[in-house]
>>> print(open('my_file-v3.txt').read())   # compact mmCIF, C-alpha atoms
# COMPACT_ATOMS: atom_id res chain seq x y z
CA MET A 482 33.07 20.45 12.81
CA GLN A 483 29.67 21.60 13.98
CA ASN A 484 28.16 18.81 11.92
CA ARG A 485 30.44 16.26 13.55
CA THR A 486 29.39 16.99 17.13
CA LEU A 487 25.79 16.97 16.01
CA GLU A 488 26.15 13.53 14.46
CA ILE A 489 27.93 12.21 17.53
CA GLY A 490 25.10 13.53 19.70
CA VAL A 491 22.47 11.79 17.57
CA GLY A 492 24.52 8.59 17.53
CA LEU A 493 24.76 8.61 21.31
CA PHE A 494 21.02 9.25 21.57
CA LEU A 495 20.17 6.28 19.33
CA LEU A 496 22.62 4.09 21.24
CA ALA A 497 21.11 5.16 24.56
CA GLY A 498 17.64 4.27 23.31
CA LEU A 499 18.66 0.82 22.12
CA LEU A 500 20.63 0.20 25.30
CA ALA A 501 17.59 1.18 27.36
CA LEU A 502 15.41 -1.30 25.47
CA LEU A 503 18.00 -4.02 26.04
CA LEU A 504 18.12 -3.15 29.73
CA LEU A 505 14.32 -3.35 29.98
CA ALA A 506 14.36 -6.73 28.28
CA LEU A 507 17.14 -8.33 30.29
CA ARG A 508 17.12 -6.62 33.67
CA VAL A 509 13.47 -5.67 34.18
CA SER A 510 11.48 -8.37 32.42
CA GLY A 511 14.08 -11.06 33.06
CA LEU A 512 14.01 -12.21 29.45
CA THR A 513 16.57 -14.92 28.90
CA VAL A 514 17.66 -15.59 25.37
CA GLY A 515 17.02 -19.03 23.96
CA SER A 516 15.94 -20.80 27.12
CA ALA A 517 12.22 -20.76 26.43
CA ASN A 518 12.40 -23.57 23.90
CA ASP A 519 13.04 -26.73 25.88
CA THR A 520 9.95 -27.40 27.96
CA TYR A 521 7.33 -30.10 28.21
CA LYS A 522 3.73 -29.87 29.31
CA ILE A 523 1.91 -31.71 32.02
CA TYR A 524 -1.59 -31.19 33.35
CA ALA A 525 -2.89 -31.07 36.90
CA HIS A 526 -6.53 -31.06 37.99
CA PHE A 527 -7.35 -29.01 41.06
CA GLU A 528 -10.66 -28.78 42.88
CA ASN A 529 -10.07 -25.11 43.46
CA ILE A 530 -7.37 -22.99 41.87
CA ALA A 531 -8.56 -19.75 43.49
CA GLY A 532 -5.97 -17.06 42.97
CA LEU A 533 -3.53 -18.98 40.79
CA THR A 534 -2.73 -17.06 37.63
CA VAL A 535 -1.06 -17.78 34.31
CA ARG A 536 2.73 -17.22 34.48
CA ALA A 537 2.85 -18.29 38.13
CA LYS A 538 5.97 -20.27 38.83
CA VAL A 539 6.20 -24.01 39.41
CA THR A 540 8.68 -25.03 42.05
CA MET A 541 10.17 -28.19 43.41
CA ALA A 542 12.09 -28.08 46.68
CA GLY A 543 11.90 -24.30 46.38
CA VAL A 544 13.67 -24.25 43.01
CA THR A 545 11.72 -22.84 40.07
CA ILE A 546 11.43 -25.53 37.39
CA GLY A 547 8.70 -24.11 35.15
CA LYS A 548 5.60 -21.98 34.96
CA VAL A 549 1.85 -22.14 34.57
CA THR A 550 0.93 -21.56 30.93
CA ALA A 551 -2.85 -22.02 30.92
CA ILE A 552 -5.76 -22.46 33.29
CA ASP A 553 -9.16 -23.71 32.15
CA LEU A 554 -12.18 -25.59 33.43
CA ASP A 555 -12.44 -29.29 32.70
CA ARG A 556 -16.07 -29.66 31.62
CA ASP A 557 -16.46 -33.31 32.55
CA SER A 558 -15.08 -33.34 36.06
CA TYR A 559 -15.81 -29.71 36.97
CA THR A 560 -12.25 -29.19 38.11
CA GLY A 561 -9.73 -26.56 37.20
CA ARG A 562 -7.19 -27.89 34.71
CA VAL A 563 -3.81 -26.20 35.04
CA THR A 564 -1.23 -26.61 32.30
CA LEU A 565 2.31 -26.61 33.65
CA SER A 566 5.27 -26.27 31.35
CA LEU A 567 8.38 -27.69 32.94
CA ASP A 568 12.06 -27.55 32.02
CA ASP A 569 13.25 -30.45 29.91
CA SER A 570 16.13 -30.94 32.32
CA VAL A 571 13.64 -32.07 35.00
CA ASP A 572 12.42 -35.20 33.22
CA ASN A 573 12.51 -37.65 36.11
CA LEU A 574 9.32 -36.78 38.03
CA PRO A 575 7.47 -39.94 39.16
CA VAL A 576 3.84 -40.20 38.00
CA ASP A 577 2.54 -40.18 41.57
CA SER A 578 4.10 -36.80 42.37
CA THR A 579 1.86 -34.35 44.19
CA ALA A 580 1.05 -30.85 42.94
CA SER A 581 -0.22 -28.30 45.44
CA ILE A 582 -1.10 -24.64 45.16
CA LEU A 583 0.89 -22.68 47.71
CA THR A 584 1.12 -19.06 48.74
CA ALA A 585 4.34 -17.09 49.14
CA GLY A 586 3.89 -15.37 52.47
CA LEU A 587 0.53 -14.48 53.96
CA LEU A 588 -0.71 -12.31 51.09
CA GLY A 589 1.89 -13.13 48.47
CA GLU A 590 1.48 -14.63 45.02
CA LYS A 591 0.24 -18.17 44.47
CA TYR A 592 2.49 -20.78 42.94
CA VAL A 593 2.48 -24.50 42.27
CA GLY A 594 4.71 -26.71 44.37
CA ILE A 595 5.49 -30.27 43.29
CA SER A 596 6.59 -32.92 45.76
CA VAL A 597 8.12 -36.13 44.52
CA GLY A 598 6.36 -39.47 44.64
CA GLY A 599 7.91 -42.92 44.64
CA ASP A 600 6.75 -44.55 41.41
CA GLU A 601 9.13 -45.97 38.84
CA GLU A 602 7.27 -44.46 35.90
CA VAL A 603 7.97 -40.82 35.10
CA LEU A 604 5.75 -38.01 33.84
CA VAL A 605 6.11 -37.34 30.13
CA ASP A 606 4.79 -34.63 27.84
CA GLY A 607 0.98 -34.56 28.06
CA SER A 608 0.54 -36.65 31.18
CA THR A 609 -1.61 -35.62 34.11
CA ILE A 610 -0.98 -35.33 37.83
CA TYR A 611 -3.97 -36.73 39.72
CA ASP A 612 -2.71 -36.29 43.25
CA THR A 613 -3.31 -32.61 43.92
CA GLN A 614 -3.90 -30.31 46.81
CA SER A 615 -6.08 -27.28 46.20
CA SER A 616 -5.50 -23.70 47.03
CA LEU A 617 -6.21 -22.64 50.57
CA VAL A 618 -9.34 -20.49 50.50
CA LEU A 619 -9.61 -18.26 53.52
CA GLU A 620 -13.42 -18.07 53.35
CA ASP A 621 -13.77 -21.88 53.51
CA LEU A 622 -11.48 -21.97 56.50
CA ILE A 623 -13.51 -19.32 58.32
CA GLY A 624 -16.72 -21.14 57.40
CA LYS A 625 -15.43 -24.39 58.88
CA PHE A 626 -14.28 -22.61 61.99
CA LEU A 627 -17.69 -20.99 62.49
CA LEU A 628 -19.49 -24.29 61.93
CA ASN A 629 -17.25 -25.92 64.50
CA SER A 630 -18.00 -23.34 67.15
CA VAL A 631 -21.75 -23.61 66.48
CA ASN A 632 -21.58 -27.41 66.87
CA LYS A 633 -19.73 -27.00 70.14
CA ASP A 634 -22.39 -24.65 71.46
CA GLU A 635 -25.12 -27.15 70.57
CA ALA A 636 -23.25 -29.98 72.27
CA LYS A 637 -23.26 -28.05 75.50
CA MET B 1196 -36.83 36.18 13.41
CA ARG B 1197 -36.65 33.18 15.67
CA LYS B 1198 -36.79 30.81 12.75
CA THR B 1199 -33.86 32.39 10.97
CA SER B 1200 -31.77 32.28 14.13
CA THR B 1201 -32.40 28.55 14.51
CA LEU B 1202 -31.53 28.05 10.88
CA GLU B 1203 -28.46 30.17 11.36
CA ARG B 1204 -27.34 27.99 14.25
CA ILE B 1205 -27.80 24.86 12.18
CA ARG B 1206 -25.79 26.49 9.41
CA LEU B 1207 -22.97 27.30 11.85
CA LEU B 1208 -22.99 23.75 13.14
CA GLY B 1209 -22.81 22.43 9.59
CA ARG B 1210 -19.96 24.75 8.79
CA ALA B 1211 -18.02 23.63 11.86
CA GLY B 1212 -18.54 20.01 10.82
CA ILE B 1213 -17.37 20.66 7.26
CA ASP B 1214 -14.35 22.56 8.59
CA ALA B 1215 -13.39 19.70 10.90
CA VAL B 1216 -13.65 17.11 8.13
CA ALA B 1217 -11.78 19.36 5.71
CA THR B 1218 -8.93 19.84 8.20
CA LEU B 1219 -8.73 16.11 8.81
CA GLY B 1220 -8.61 15.46 5.09
CA ARG B 1221 -6.03 18.16 4.46
CA SER B 1222 -3.80 16.85 7.26
CA THR B 1223 -4.00 13.29 5.94
CA VAL B 1224 -3.11 14.35 2.40
CA PHE B 1225 -0.32 16.48 3.88
CA LEU B 1226 1.03 13.51 5.86
CA LEU B 1227 0.93 11.11 2.92
CA ARG B 1228 2.54 13.58 0.55
CA ALA B 1229 5.29 14.37 3.04
CA LEU B 1230 6.06 10.73 3.81
CA PHE B 1231 5.74 9.14 0.38
CA GLY B 1232 6.47 11.97 -2.06
CA ARG B 1233 9.64 12.06 -4.19
CA SER B 1234 12.71 13.50 -2.55
CA SER B 1235 13.98 16.57 -4.37
CA ALA B 1236 16.82 18.44 -2.71
CA GLY B 1237 19.41 17.86 -0.06
CA ASN B 1238 20.72 14.64 1.43
CA PRO B 1239 17.71 13.16 3.26
CA LEU B 1240 19.88 11.43 5.87
CA GLN B 1241 21.75 14.63 6.64
CA LEU B 1242 18.47 16.53 7.12
CA LEU B 1243 17.10 13.76 9.32
CA ILE B 1244 20.17 13.73 11.57
CA LYS B 1245 19.90 17.47 12.09
CA GLN B 1246 16.24 17.14 13.09
CA LEU B 1247 16.92 14.10 15.28
CA TYR B 1248 19.36 16.29 17.16
CA SER B 1249 16.96 19.16 17.74
CA VAL B 1250 13.89 16.95 18.39
CA GLY B 1251 15.42 13.98 20.19
CA VAL B 1252 18.73 14.87 21.76
CA MET B 1253 17.57 18.26 22.98
CA SER B 1254 14.56 16.62 24.72
CA LEU B 1255 16.78 14.16 26.58
CA ALA B 1256 17.44 16.44 29.55
CA ILE B 1257 13.81 17.03 30.49
CA ILE B 1258 12.94 13.36 29.89
CA VAL B 1259 15.77 12.04 32.06
CA VAL B 1260 15.17 14.47 34.92
CA SER B 1261 11.40 13.90 35.03
CA GLY B 1262 11.95 10.15 34.68
CA ILE B 1263 14.18 10.01 37.75
CA PHE B 1264 11.79 12.06 39.85
CA ILE B 1265 8.67 10.16 38.80
CA GLY B 1266 10.41 6.86 39.54
CA MET B 1267 11.48 8.08 42.97
CA VAL B 1268 8.01 9.39 43.84
CA LEU B 1269 6.37 6.14 42.69
CA SER B 1270 8.75 4.18 44.86
CA LEU B 1271 8.09 6.33 47.94
CA GLN B 1272 4.32 6.28 47.54
CA GLY B 1273 4.24 2.59 46.70
CA PHE B 1274 6.37 1.78 49.72
CA ASN B 1275 4.04 3.72 52.01
CA ILE B 1276 0.97 1.85 50.79
CA LEU B 1277 2.57 -1.59 50.46
CA SER B 1278 4.20 -1.48 53.91
CA ASP B 1279 0.69 -1.47 55.40
CA TYR B 1280 0.30 -4.99 54.00
CA GLY B 1281 3.81 -6.08 54.84
CA SER B 1282 4.79 -6.60 51.22
CA GLU B 1283 7.40 -3.89 50.70
CA GLN B 1284 9.37 -6.04 48.30
CA ALA B 1285 6.54 -5.74 45.75
CA VAL B 1286 7.49 -2.09 45.27
CA GLY B 1287 9.82 -3.03 42.40
CA GLN B 1288 7.03 -4.76 40.56
CA MET B 1289 4.71 -1.79 41.09
CA VAL B 1290 7.22 0.79 39.89
CA ALA B 1291 8.21 -1.25 36.83
CA LEU B 1292 4.67 -2.08 35.71
CA THR B 1293 3.39 1.47 36.23
CA LEU B 1294 6.27 2.95 34.28
CA LEU B 1295 6.35 0.43 31.45
CA ARG B 1296 2.64 0.22 30.83
CA GLU B 1297 1.42 3.75 31.48
CA LEU B 1298 3.62 6.51 32.77
CA GLY B 1299 6.58 5.88 30.48
CA PRO B 1300 4.76 6.34 27.18
CA VAL B 1301 2.14 8.84 28.39
CA VAL B 1302 4.30 11.26 30.38
CA THR B 1303 7.01 11.13 27.72
CA ALA B 1304 4.42 11.95 25.05
CA LEU B 1305 3.06 14.88 27.08
CA LEU B 1306 6.56 16.25 27.73
CA PHE B 1307 7.46 15.62 24.11
CA ALA B 1308 4.41 17.60 22.96
CA GLY B 1309 5.41 20.47 25.23
CA ARG B 1310 9.12 20.44 24.48
CA ALA B 1311 9.52 19.30 20.88
CA GLY B 1312 5.98 19.60 19.46
CA SER B 1313 5.55 23.26 20.29
CA ALA B 1314 9.02 24.02 18.92
CA LEU B 1315 8.20 22.25 15.64
CA THR B 1316 4.95 24.18 15.25
CA ALA B 1317 6.54 27.53 16.02
CA GLU B 1318 9.48 26.87 13.70
CA ILE B 1319 7.41 25.83 10.71
CA GLY B 1320 4.81 28.52 11.40
CA ASN B 1321 7.52 31.14 11.47
CA MET B 1322 8.96 29.82 8.19
CA LYS B 1323 5.53 30.14 6.69
CA SER B 1324 4.89 33.67 7.94
CA THR B 1325 8.30 34.88 6.70
CA GLU B 1326 7.48 33.18 3.38
CA GLN B 1327 10.48 30.87 3.48
CA LEU B 1328 8.25 27.98 2.49
CA SER B 1329 6.98 29.77 -0.63
CA SER B 1330 10.52 30.84 -1.54
CA LEU B 1331 11.61 27.22 -1.37
CA GLU B 1332 8.80 26.29 -3.69
CA MET B 1333 9.84 29.13 -5.98
CA ILE B 1334 13.33 27.67 -6.43
CA GLY B 1335 11.83 24.26 -7.13
CA VAL B 1336 12.33 22.60 -3.74
CA ASP B 1337 9.31 20.88 -2.26
CA PRO B 1338 9.02 22.16 1.34
CA LEU B 1339 7.04 19.06 2.24
CA LYS B 1340 10.08 16.92 1.50
CA TYR B 1341 12.78 19.36 2.55
CA ILE B 1342 11.26 20.84 5.72
CA VAL B 1343 8.37 18.65 6.82
CA ALA B 1344 9.41 15.05 6.11
CA PRO B 1345 12.67 15.05 8.13
CA ARG B 1346 10.85 16.55 11.11
CA LEU B 1347 8.09 13.93 10.92
CA TRP B 1348 10.58 11.05 10.75
CA ALA B 1349 12.67 12.56 13.53
CA GLY B 1350 9.61 12.69 15.77
CA PHE B 1351 8.57 9.12 14.90
CA ILE B 1352 12.04 7.82 15.71
CA SER B 1353 12.76 9.91 18.80
CA MET B 1354 9.57 9.36 20.75
CA PRO B 1355 9.84 5.55 21.34
CA LEU B 1356 13.51 5.93 22.23
CA LEU B 1357 12.73 8.72 24.67
CA ALA B 1358 9.93 6.67 26.26
CA VAL B 1359 12.22 3.67 26.75
CA ILE B 1360 14.92 5.88 28.25
CA PHE B 1361 12.28 7.45 30.52
CA SER B 1362 11.21 4.02 31.81
CA VAL B 1363 14.76 2.85 32.44
CA VAL B 1364 15.73 6.02 34.26
CA GLY B 1365 12.50 5.92 36.26
CA ILE B 1366 13.05 2.32 37.33
CA TRP B 1367 16.61 3.19 38.27
CA GLY B 1368 15.40 6.15 40.36
CA GLY B 1369 12.78 3.96 41.99
CA ALA B 1370 15.35 1.28 42.77
CA MET B 1371 17.68 3.86 44.27
CA VAL B 1372 14.99 5.14 46.66
CA ALA B 1373 13.64 1.69 47.55
CA ILE B 1374 16.95 -0.09 48.07
CA ASP B 1375 19.31 2.57 49.38
CA TRP B 1376 16.90 4.73 51.28
CA LEU B 1377 13.88 2.66 52.34
CA GLY B 1378 15.89 -0.51 52.89
CA VAL B 1379 14.02 -2.92 50.62
CA TYR B 1380 16.16 -6.02 50.06
CA GLU B 1381 17.82 -5.67 46.67
CA GLY B 1382 17.43 -9.30 45.61
CA SER B 1383 13.71 -9.47 46.22
CA PHE B 1384 13.21 -6.05 44.61
CA TRP B 1385 14.61 -7.22 41.27
CA ALA B 1386 13.31 -10.79 41.51
CA ASN B 1387 9.75 -9.60 42.15
CA MET B 1388 10.03 -7.25 39.19
CA GLN B 1389 11.36 -9.92 36.85
CA ASN B 1390 8.69 -12.39 37.92
CA SER B 1391 5.82 -10.07 37.13
CA VAL B 1392 7.06 -8.14 34.08
CA SER B 1393 6.82 -10.01 30.80
CA PHE B 1394 8.77 -8.78 27.82
CA ARG B 1395 6.04 -9.12 25.25
CA GLU B 1396 3.02 -8.01 27.23
CA ASP B 1397 4.55 -5.17 29.20
CA VAL B 1398 7.70 -3.91 27.52
CA LEU B 1399 6.62 -4.32 23.91
CA ASN B 1400 3.11 -3.02 24.52
CA GLY B 1401 4.64 0.07 26.10
CA VAL B 1402 6.87 0.52 23.07
CA ILE B 1403 3.88 0.14 20.73
CA LYS B 1404 2.04 2.80 22.72
CA SER B 1405 4.97 5.19 22.46
CA ILE B 1406 5.25 4.62 18.71
CA VAL B 1407 1.57 5.53 18.29
CA PHE B 1408 1.91 8.58 20.52
CA GLY B 1409 5.05 9.74 18.71
CA PHE B 1410 3.25 9.45 15.39
CA VAL B 1411 0.19 11.42 16.56
CA VAL B 1412 2.07 14.15 18.45
CA THR B 1413 4.52 14.82 15.63
CA TRP B 1414 1.79 14.78 13.01
CA ILE B 1415 -0.31 17.29 14.95
CA ALA B 1416 2.67 19.53 15.67
CA VAL B 1417 3.99 19.67 12.11
CA PHE B 1418 0.55 20.04 10.55
CA GLN B 1419 -0.47 22.85 12.91
CA GLY B 1420 2.72 24.71 11.99
CA TYR B 1421 2.19 24.15 8.27
CA ASP B 1422 -1.49 25.06 8.40
CA CYS B 1423 -1.31 28.10 10.69
CA GLU B 1424 -2.27 31.64 9.77
CA PRO B 1425 0.96 33.37 8.76
CA THR B 1426 0.82 36.05 11.44
CA SER B 1427 2.45 36.21 14.85
CA GLU B 1428 -0.96 35.74 16.45
CA GLY B 1429 -1.67 32.77 14.21
CA ILE B 1430 1.62 31.14 15.19
CA SER B 1431 0.90 31.55 18.88
CA ARG B 1432 -2.57 30.09 18.43
CA ALA B 1433 -1.17 27.16 16.44
CA THR B 1434 1.43 26.45 19.14
CA THR B 1435 -1.25 26.40 21.83
CA LYS B 1436 -3.41 24.15 19.66
CA THR B 1437 -0.52 21.73 19.19
CA VAL B 1438 0.01 21.27 22.91
CA VAL B 1439 -3.71 21.02 23.72
CA TYR B 1440 -4.67 18.71 20.83
CA ALA B 1441 -1.61 16.52 21.23
CA SER B 1442 -2.16 16.09 24.97
CA LEU B 1443 -5.85 15.27 24.52
CA ALA B 1444 -5.10 12.87 21.68
CA VAL B 1445 -2.45 11.11 23.75
CA LEU B 1446 -4.71 10.69 26.78
CA GLY B 1447 -7.68 9.53 24.71
CA LEU B 1448 -5.61 7.11 22.63
CA ASP B 1449 -3.99 5.79 25.77
CA PHE B 1450 -7.36 4.69 27.08
CA ILE B 1451 -8.24 2.96 23.82
CA LEU B 1452 -4.85 1.25 23.53
CA THR B 1453 -4.93 0.13 27.16
CA ALA B 1454 -8.41 -1.30 26.69
CA LEU B 1455 -7.23 -3.19 23.60
CA MET B 1456 -4.01 -4.47 25.19
CA PHE B 1457 -4.97 -5.23 28.77
CA GLY B 1458 -8.78 -5.24 28.61
CA ASP B 1459 -9.17 -8.98 27.90
CA PHE B 1460 -11.77 -8.98 25.23
>>> encode(input="my_file-v3.txt", output="structure tokens")
Amino acid sequence: MQNRTLEIGVGLFLLAGLLALLLLALRVSGLTVGSANDTYKIYAHFENIAGLTVRAKVTMAGVTIGKVTAIDLDRDSYTGRVTLSLDDSVDNLPVDSTASILTAGLLGEKYVGISVGGDEEVLVDGSTIYDTQSSLVLEDLIGKFLLNSVNKDEAK
Amino acid sequence: MRKTSTLERIRLLGRAGIDAVATLGRSTVFLLRALFGRSSAGNPLQLLIKQLYSVGVMSLAIIVVSGIFIGMVLSLQGFNILSDYGSEQAVGQMVALTLLRELGPVVTALLFAGRAGSALTAEIGNMKSTEQLSSLEMIGVDPLKYIVAPRLWAGFISMPLLAVIFSVVGIWGGAMVAIDWLGVYEGSFWANMQNSVSFREDVLNGVIKSIVFGFVVTWIAVFQGYDCEPTSEGISRATTKTVVYASLAVLGLDFILTALMFGDF
């Protein structure tokens, strides 16, 4: 009898541990089973990717359709090459679509937004988006603003 | 006179070094013999279940209670800091990452060393001082297999499970404080967390950490008990050593593991 309660206790403990791991996987890390397989890759060259990180989401009309899987420097054009992996279900993006790096809120995370173009041809695995809009860099903005005010003073 | 005293110091240093290496060697041989030796008496599964109960199940209470409180404190503190920047909804991400990567494995290991490790050392040390271990050997039962091995395995198995439970309970406590008390919007709390936590890099790395910690803490605890002087003073010293060594080992290893996992080199 004593042995029985002991075994039940251990069984519950093991179950609780496994359940906790499952909970971490599904609820906390948002792991979805079997949906990671169907994606295709496209590339986008940005003049400045400042602040964009791997695993950032890719959205279209506010809906998440993929994520950033790699960021590296293109040696020939000196631009940042961002690899986007998009859901297979979104396979009708025109080749002249625009990719821009956006910010969620004032200080929020960076993500890639895609706006649709009008071309007949569609992006396929391995193709590149050329029409891009770089990340907004606060320092550049301040620099421009300062330069403007200096020019105004000189004009007076 | 002076020369002999210098020589004497060098001799003492050498002796300390030899002692340290000898202990390390003895503990490794002890571990290997306990884990891979032939089983002799008793049903191994039955012995393991009994130890799992006293090592794992009995530690659940302290783990769950501290998990809830640490999660709640993290949430409160995080909210205070993050609300200065107007990004309160990131509190979920902060609580989850802190617990999964660091606090879950480390605090669980420290509590485990204090709760289960010290008990293991005292139990085995007491068996040794009352000569139960030698009596077992006398009747042809290997104490390494009968006493030590089930306790080692129980520690190895319990520790990762306890760490995972700690993280889950902590995140739940943090969510309770953030959502119900501080008024963070529930949807953005969970969505922010799920966006930033990755299963492989955060959850699995935390589990790997807790496996390593469980291994080290249990090994130290059981070996200190087995190796202690068979007197009441020796047992008390061995129990203290277990807690101190295990805590230091956990904190040191945590730095190395973190550098390897998240250090980017």
>>> atom_distance(input="my_file-v3.txt", atom1="CA of Val1411 in chain B", atom2="CA of Leu1339 in chain B")
17.6 Å
>>> residues_around(input="my_file-v3.txt", residues="Ala497 in chain A", least_positions_apart="5", cutoff="12 Å", atoms="only C-alpha atoms", output="list in words")
Gly490, Val491, Gly492, Leu502, Leu503 and Leu504 of chain A; Gly1251, Val1252, Leu1255, Val1259, Ser1353, Pro1355, Leu1356, Leu1357, Ala1358, Val1359, Ile1360, Phe1361, Val1363 and Val1364 of chain B
>>> closest_atom_pairs(input="my_file-v3.txt", of="chain B", to="chain A", cutoff="10 Å", atoms="all atoms listed in the file", output="JSON lines")
{"residue": "B:Gln1241", "atom": "CA", "partner": "A:Glu488", "partner_atom": "CA", "distance": 9.0}
{"residue": "B:Ile1244", "atom": "CA", "partner": "A:Glu488", "partner_atom": "CA", "distance": 6.6}
{"residue": "B:Lys1245", "atom": "CA", "partner": "A:Leu487", "partner_atom": "CA", "distance": 7.1}
{"residue": "B:Gln1246", "atom": "CA", "partner": "A:Val491", "partner_atom": "CA", "distance": 9.4}
{"residue": "B:Leu1247", "atom": "CA", "partner": "A:Val491", "partner_atom": "CA", "distance": 6.4}
{"residue": "B:Tyr1248", "atom": "CA", "partner": "A:Val491", "partner_atom": "CA", "distance": 5.5}
{"residue": "B:Ser1249", "atom": "CA", "partner": "A:Val491", "partner_atom": "CA", "distance": 9.2}
{"residue": "B:Gly1251", "atom": "CA", "partner": "A:Phe494", "partner_atom": "CA", "distance": 7.5}
{"residue": "B:Val1252", "atom": "CA", "partner": "A:Phe494", "partner_atom": "CA", "distance": 6.1}
{"residue": "B:Met1253", "atom": "CA", "partner": "A:Gly490", "partner_atom": "CA", "distance": 9.5}
{"residue": "B:Leu1255", "atom": "CA", "partner": "A:Phe494", "partner_atom": "CA", "distance": 8.2}
{"residue": "B:Tyr1280", "atom": "CA", "partner": "A:Leu588", "partner_atom": "CA", "distance": 7.9}
{"residue": "B:Gly1281", "atom": "CA", "partner": "A:Leu588", "partner_atom": "CA", "distance": 8.6}
{"residue": "B:Ser1282", "atom": "CA", "partner": "A:Gly589", "partner_atom": "CA", "distance": 7.7}
{"residue": "B:Ala1285", "atom": "CA", "partner": "A:Gly589", "partner_atom": "CA", "distance": 9.1}
{"residue": "B:Gly1287", "atom": "CA", "partner": "A:Val509", "partner_atom": "CA", "distance": 9.4}
{"residue": "B:Gln1288", "atom": "CA", "partner": "A:Val509", "partner_atom": "CA", "distance": 9.1}
{"residue": "B:Ala1291", "atom": "CA", "partner": "A:Val509", "partner_atom": "CA", "distance": 7.4}
{"residue": "B:Leu1292", "atom": "CA", "partner": "A:Val509", "partner_atom": "CA", "distance": 9.6}
{"residue": "B:Leu1295", "atom": "CA", "partner": "A:Leu505", "partner_atom": "CA", "distance": 8.9}
{"residue": "B:Ile1352", "atom": "CA", "partner": "A:Leu495", "partner_atom": "CA", "distance": 9.0}
{"residue": "B:Ser1353", "atom": "CA", "partner": "A:Leu495", "partner_atom": "CA", "distance": 8.3}
{"residue": "B:Met1354", "atom": "CA", "partner": "A:Gly498", "partner_atom": "CA", "distance": 9.9}
{"residue": "B:Pro1355", "atom": "CA", "partner": "A:Gly498", "partner_atom": "CA", "distance": 8.1}
{"residue": "B:Leu1356", "atom": "CA", "partner": "A:Gly498", "partner_atom": "CA", "distance": 4.6}
{"residue": "B:Leu1357", "atom": "CA", "partner": "A:Gly498", "partner_atom": "CA", "distance": 6.8}
{"residue": "B:Ala1358", "atom": "CA", "partner": "A:Gly498", "partner_atom": "CA", "distance": 8.6}
{"residue": "B:Val1359", "atom": "CA", "partner": "A:Ala501", "partner_atom": "CA", "distance": 6.0}
{"residue": "B:Ile1360", "atom": "CA", "partner": "A:Ala501", "partner_atom": "CA", "distance": 5.5}
{"residue": "B:Phe1361", "atom": "CA", "partner": "A:Ala501", "partner_atom": "CA", "distance": 8.8}
{"residue": "B:Ser1362", "atom": "CA", "partner": "A:Leu505", "partner_atom": "CA", "distance": 8.2}
{"residue": "B:Val1363", "atom": "CA", "partner": "A:Ala501", "partner_atom": "CA", "distance": 6.1}
{"residue": "B:Val1364", "atom": "CA", "partner": "A:Ala501", "partner_atom": "CA", "distance": 8.6}
{"residue": "B:Ile1366", "atom": "CA", "partner": "A:Val509", "partner_atom": "CA", "distance": 8.6}
{"residue": "B:Trp1385", "atom": "CA", "partner": "A:Val509", "partner_atom": "CA", "distance": 7.3}
{"residue": "B:Ala1386", "atom": "CA", "partner": "A:Gly511", "partner_atom": "CA", "distance": 8.5}
{"residue": "B:Asn1387", "atom": "CA", "partner": "A:Val509", "partner_atom": "CA", "distance": 9.6}
{"residue": "B:Met1388", "atom": "CA", "partner": "A:Val509", "partner_atom": "CA", "distance": 6.3}
{"residue": "B:Gln1389", "atom": "CA", "partner": "A:Ser510", "partner_atom": "CA", "distance": 4.7}
{"residue": "B:Asn1390", "atom": "CA", "partner": "A:Ser510", "partner_atom": "CA", "distance": 7.4}
{"residue": "B:Ser1391", "atom": "CA", "partner": "A:Ser510", "partner_atom": "CA", "distance": 7.6}
{"residue": "B:Val1392", "atom": "CA", "partner": "A:Ser510", "partner_atom": "CA", "distance": 4.7}
{"residue": "B:Ser1393", "atom": "CA", "partner": "A:Ser510", "partner_atom": "CA", "distance": 5.2}
{"residue": "B:Phe1394", "atom": "CA", "partner": "A:Ser510", "partner_atom": "CA", "distance": 5.4}
{"residue": "B:Arg1395", "atom": "CA", "partner": "A:Ser510", "partner_atom": "CA", "distance": 9.0}
{"residue": "B:Glu1396", "atom": "CA", "partner": "A:Ser510", "partner_atom": "CA", "distance": 9.9}
{"residue": "B:Asp1397", "atom": "CA", "partner": "A:Ser510", "partner_atom": "CA", "distance": 8.3}
{"residue": "B:Val1398", "atom": "CA", "partner": "A:Leu505", "partner_atom": "CA", "distance": 7.1}
{"residue": "B:Leu1399", "atom": "CA", "partner": "A:Ala506", "partner_atom": "CA", "distance": 9.2}
{"residue": "B:Val1402", "atom": "CA", "partner": "A:Leu502", "partner_atom": "CA", "distance": 9.1}
>>> atom_distance(input="my_file-v3.txt", atom1="CA of Trp1376 in chain B", atom2="CA of Phe1274 in chain B")
11.0 Å
>>> atom_distance(input="my_file-v3.txt", atom1="CA of Arg1206 in chain B", atom2="CA of Thr1434 in chain B")
28.9 Å
>>> closest_residue(input="my_file-v3.txt", among="A:Leu554, A:Leu533, A:Val603, A:Ile623", to="Ala585 in chain A", atoms="all atoms listed in the file")
A:Leu533
>>> residues_around(input="my_file-v3.txt", residues="Gly1378 in chain B", least_positions_apart="2", cutoff="12 Å", atoms="all atoms listed in the file", output="PyMOL selection string")
chain B and resi 1270-1271+1274+1278+1283-1284+1286+1370-1376+1380-1384
>>> residues_around(input="my_file-v3.txt", residues="Phe1418 in chain B", least_positions_apart="3", cutoff="8 Å", atoms="all atoms listed in the file", output="list in words")
Ser1222, Phe1225, Thr1316, Trp1414, Ile1415, Tyr1421 and Asp1422 of chain B
>>> residues_around(input="my_file-v3.txt", residues="Thr550 in chain A", least_positions_apart="5", cutoff="10 Å", atoms="only C-alpha atoms", output="list in words")
Lys522, Thr534, Val535, Arg536, Ala537, Lys538, Val563, Thr564, Leu565, Ser566 and Leu567 of chain A
